[in-house]
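Structure first, then comments.
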Amino acid sequence: MTAAPAAACPIELNLGQAMAQARARGLDRLDAQWLLGHVLRRPRSWLIAHEDAKLDANQAHGYAELCQRRADGEPLAYLMGEWEFHGLVFGVTPDVLIPRPDTEILVDWALELLLQRGQSEPRVLDLGTGSGAIALAVAHRHPSARVTATDLSDAALAVAQNNAERLGLTLNWHRGNWWRALPAHQDFDLVLSNPPYIAAGDPHLPALHNEPLLALTPGGDGLDALREIIVGAVARLAKDGWLLLEHGWDQAEAVTRLLQNAGLAQIATRLDIEGRPRCTGGRQGSAD
Ligand code: GLN
């Protein structure tokens with residue numbers, strides 16, 4: 001038996017060559033840079049200034065493997081194990097949805113309402129928190145808020161709790177299905193959710209197969225989770241409390257109707273970064 005030729009191992013690869021190899025595998029430039037920065041634990045700005053720096057054999061091997069997984073379609077966020085949302089870095093695993101820029105619109109809306117209301121300790125709830133992105137972004141930007149977050153998945157809650165620790169934030173956590181996760185008689189000034197809303201037959205669903213199906217689709221027409229959250233909100237919203245929901249680009253009308261049927265007032269829709277209706281919310285109807 002002869003040993004494998006040493007030439008099979010990458011030796012003395014510099015950053016420029018490593019990037020070129022990644023591009024040759026079909027990675028785009030930014031992905032190749034992010035992954036290289038991840039392997040070297042350096043910011044992208046450092047990479048650009050150090051094209052001649054060398055990777056050791058471990059780094060070269062790790063980089064080649066990550067590039068291959070990326071070329072095979074694994075999302076960058078899972079390969080890096082973290083992702084930025086609303087200016088904060090969140091740990092992510094395949095147990096949670098990758099936080100989307102569109103969802104920052106929901107957070108911005110929530111923060112606006114909290115500022116307007118000016119309550120001293122508003123009670124905020126995030127149903128189906130996943131990585132904790134919404135709940136933790138609100139808790140971070142509005143420190144007086146008392147934030148509760150739920151999820152059906154133990155694994156997702158573990159990711160969210162880990163993120164809370166990283167960010168030094170304290171939330172109340174409950175595991176369970178939508179409203180059933182919560183202790184009885186607890187109500188909230190602001191309820192937020194980005195529930196699964198993709199319809200079972202949506203042609204975009206297969207492309208998202210790396211993300212947890214539970215977080216993407218409730219099956220059927222995609223509205224079941226939104227219905228359950230809206231119907232249950234009436235009993236849980238404090239007087240003048242708000243419910244804000246993310247939904248599919250073609251679901252604003254359906255969600256508006258569900259909110260109207262639940263008796264909510266001041267119903268409004270906000271657009272996502274591509275100009276499509278993405279979030280709809282309303283206020284607990286009171287006597288006025
Ligand atoms: N916004 C995600 C997407 O379209 C889906 C997230 C969800 O179902 N809540 O990829």
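So you can find residues: chains in the structure tokens are A, B, ... in the order shown, residues in each start at 1, and ligands are numbered from 1 in order.
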Can I get the residues of chain A within 9 Å of ligand 1, each with the closest pair of atoms and their distance in Å to one decimal, using only C-alpha atoms and all ligand atoms, sorted chain first then ascending number, as CSV?
```
residue,atom,partner,partner_atom_place_in_ligand_line,distance
A:Leu97,CA,ligand 1,6 (C),7.3
A:Ile98,CA,ligand 1,2 (C),8.6
A:Pro99,CA,ligand 1,1 (N),8.5
A:Arg100,CA,ligand 1,1 (N),6.6
A:Asp102,CA,ligand 1,1 (N),7.1
A:Thr103,CA,ligand 1,1 (N),7.5
A:Ser193,CA,ligand 1,9 (N),8.5
A:Asn194,CA,ligand 1,9 (N),4.9
A:Pro195,CA,ligand 1,9 (N),4.6
A:Pro196,CA,ligand 1,8 (O),3.7
A:Tyr197,CA,ligand 1,8 (O),4.3
A:Ile198,CA,ligand 1,8 (O),5.1
A:Ala199,CA,ligand 1,8 (O),8.8
A:His204,CA,ligand 1,10 (O),7.9
A:Leu205,CA,ligand 1,10 (O),8.0
A:Leu208,CA,ligand 1,10 (O),7.1
A:Leu213,CA,ligand 1,8 (O),8.8
A:Leu214,CA,ligand 1,8 (O),8.8
A:Ala215,CA,ligand 1,8 (O),6.0
A:Leu216,CA,ligand 1,8 (O),3.8
A:Thr217,CA,ligand 1,8 (O),5.8
A:Pro218,CA,ligand 1,8 (O),8.4
A:Gly222,CA,ligand 1,8 (O),8.3
A:Glu246,CA,ligand 1,9 (N),6.9
A:His247,CA,ligand 1,9 (N),6.7
A:Gly248,CA,ligand 1,4 (O),6.7
A:Trp249,CA,ligand 1,4 (O),8.4
A:Arg278,CA,ligand 1,1 (N),8.7
```
Selection: 12 Å around range 58-60 of chain A, only C-alpha atoms, excl. self and same-chain fewer than 6 positions, as a list in words: Cys9, Pro10, Ile11, Glu12, Leu13, Asn14, Leu15, Gln17, Ala18, Met19, Gln21, Ala22, Leu35, Leu36, Gly37, His38, Val39, Leu40, Arg41, Leu66 and Cys67 of chain A
Polymer residues at most 12 Å from Ala145 in chain A, only C-alpha atoms, same-chain spacing of 3 or more positions, as an MDAnalysis selection string: chainID A and resid 110:111 113:115 117:125 135:142 148 169:172 188:190
Shortest interatomic distance to Leu47 in chain A - which of A:Asp95, A:Ala156, A:Ala32, A:Leu264, counting only C-alpha atoms: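 Result for the nearest residue to Leu47 in chain A: A:Ala32.
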Atom pair CA of His86 in chain A / CA of Leu245 in chain A: separation (Å):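 One can read the CA of His86 in chain A to CA of Leu245 in chain A distance as 17.1 Å.
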A:Arg283, A:Glu104, A:Ala207, A:His50 ranked by distance to Leu271 in chain A, top pick (using only C-alpha atoms): A:Glu104
DSSP-assigned alpha helix (DSSP H) members of range 92-240 of chain A, reported as a ChimeraX atom specification: /A:104-117,133-141,154-167,213-216,224-233
Strand (DSSP E or B) per DSSP on the backbone: members of range 63-221 of chain A, as JSON, numbers by chain: {"A": [82, 83, 84, 85, 88, 89, 90, 91, 123, 124, 125, 126, 127, 146, 147, 148, 149, 150, 151, 172, 173, 174, 175, 188, 189, 190, 191, 192, 193]}
Top pick for closest residue to Ile230 in chain A, considering A:Pro183, A:Gly281, A:Gly168, A:Pro206 and counting only C-alpha atoms: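 That would be A:Gly281, the residue with the smallest distance to Ile230 in chain A.
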Atomic separation - CA of Glu84 in chain A relative to CA of Thr150 in chain A, Å: 21.0 Å
Close residues, Ile267 in chain A itself excluded, 8 Å, only C-alpha atoms, min 2 positions apart in chain, as a PyMOL selection string: chain A and resi 256+259-260+264-265+269+280-283
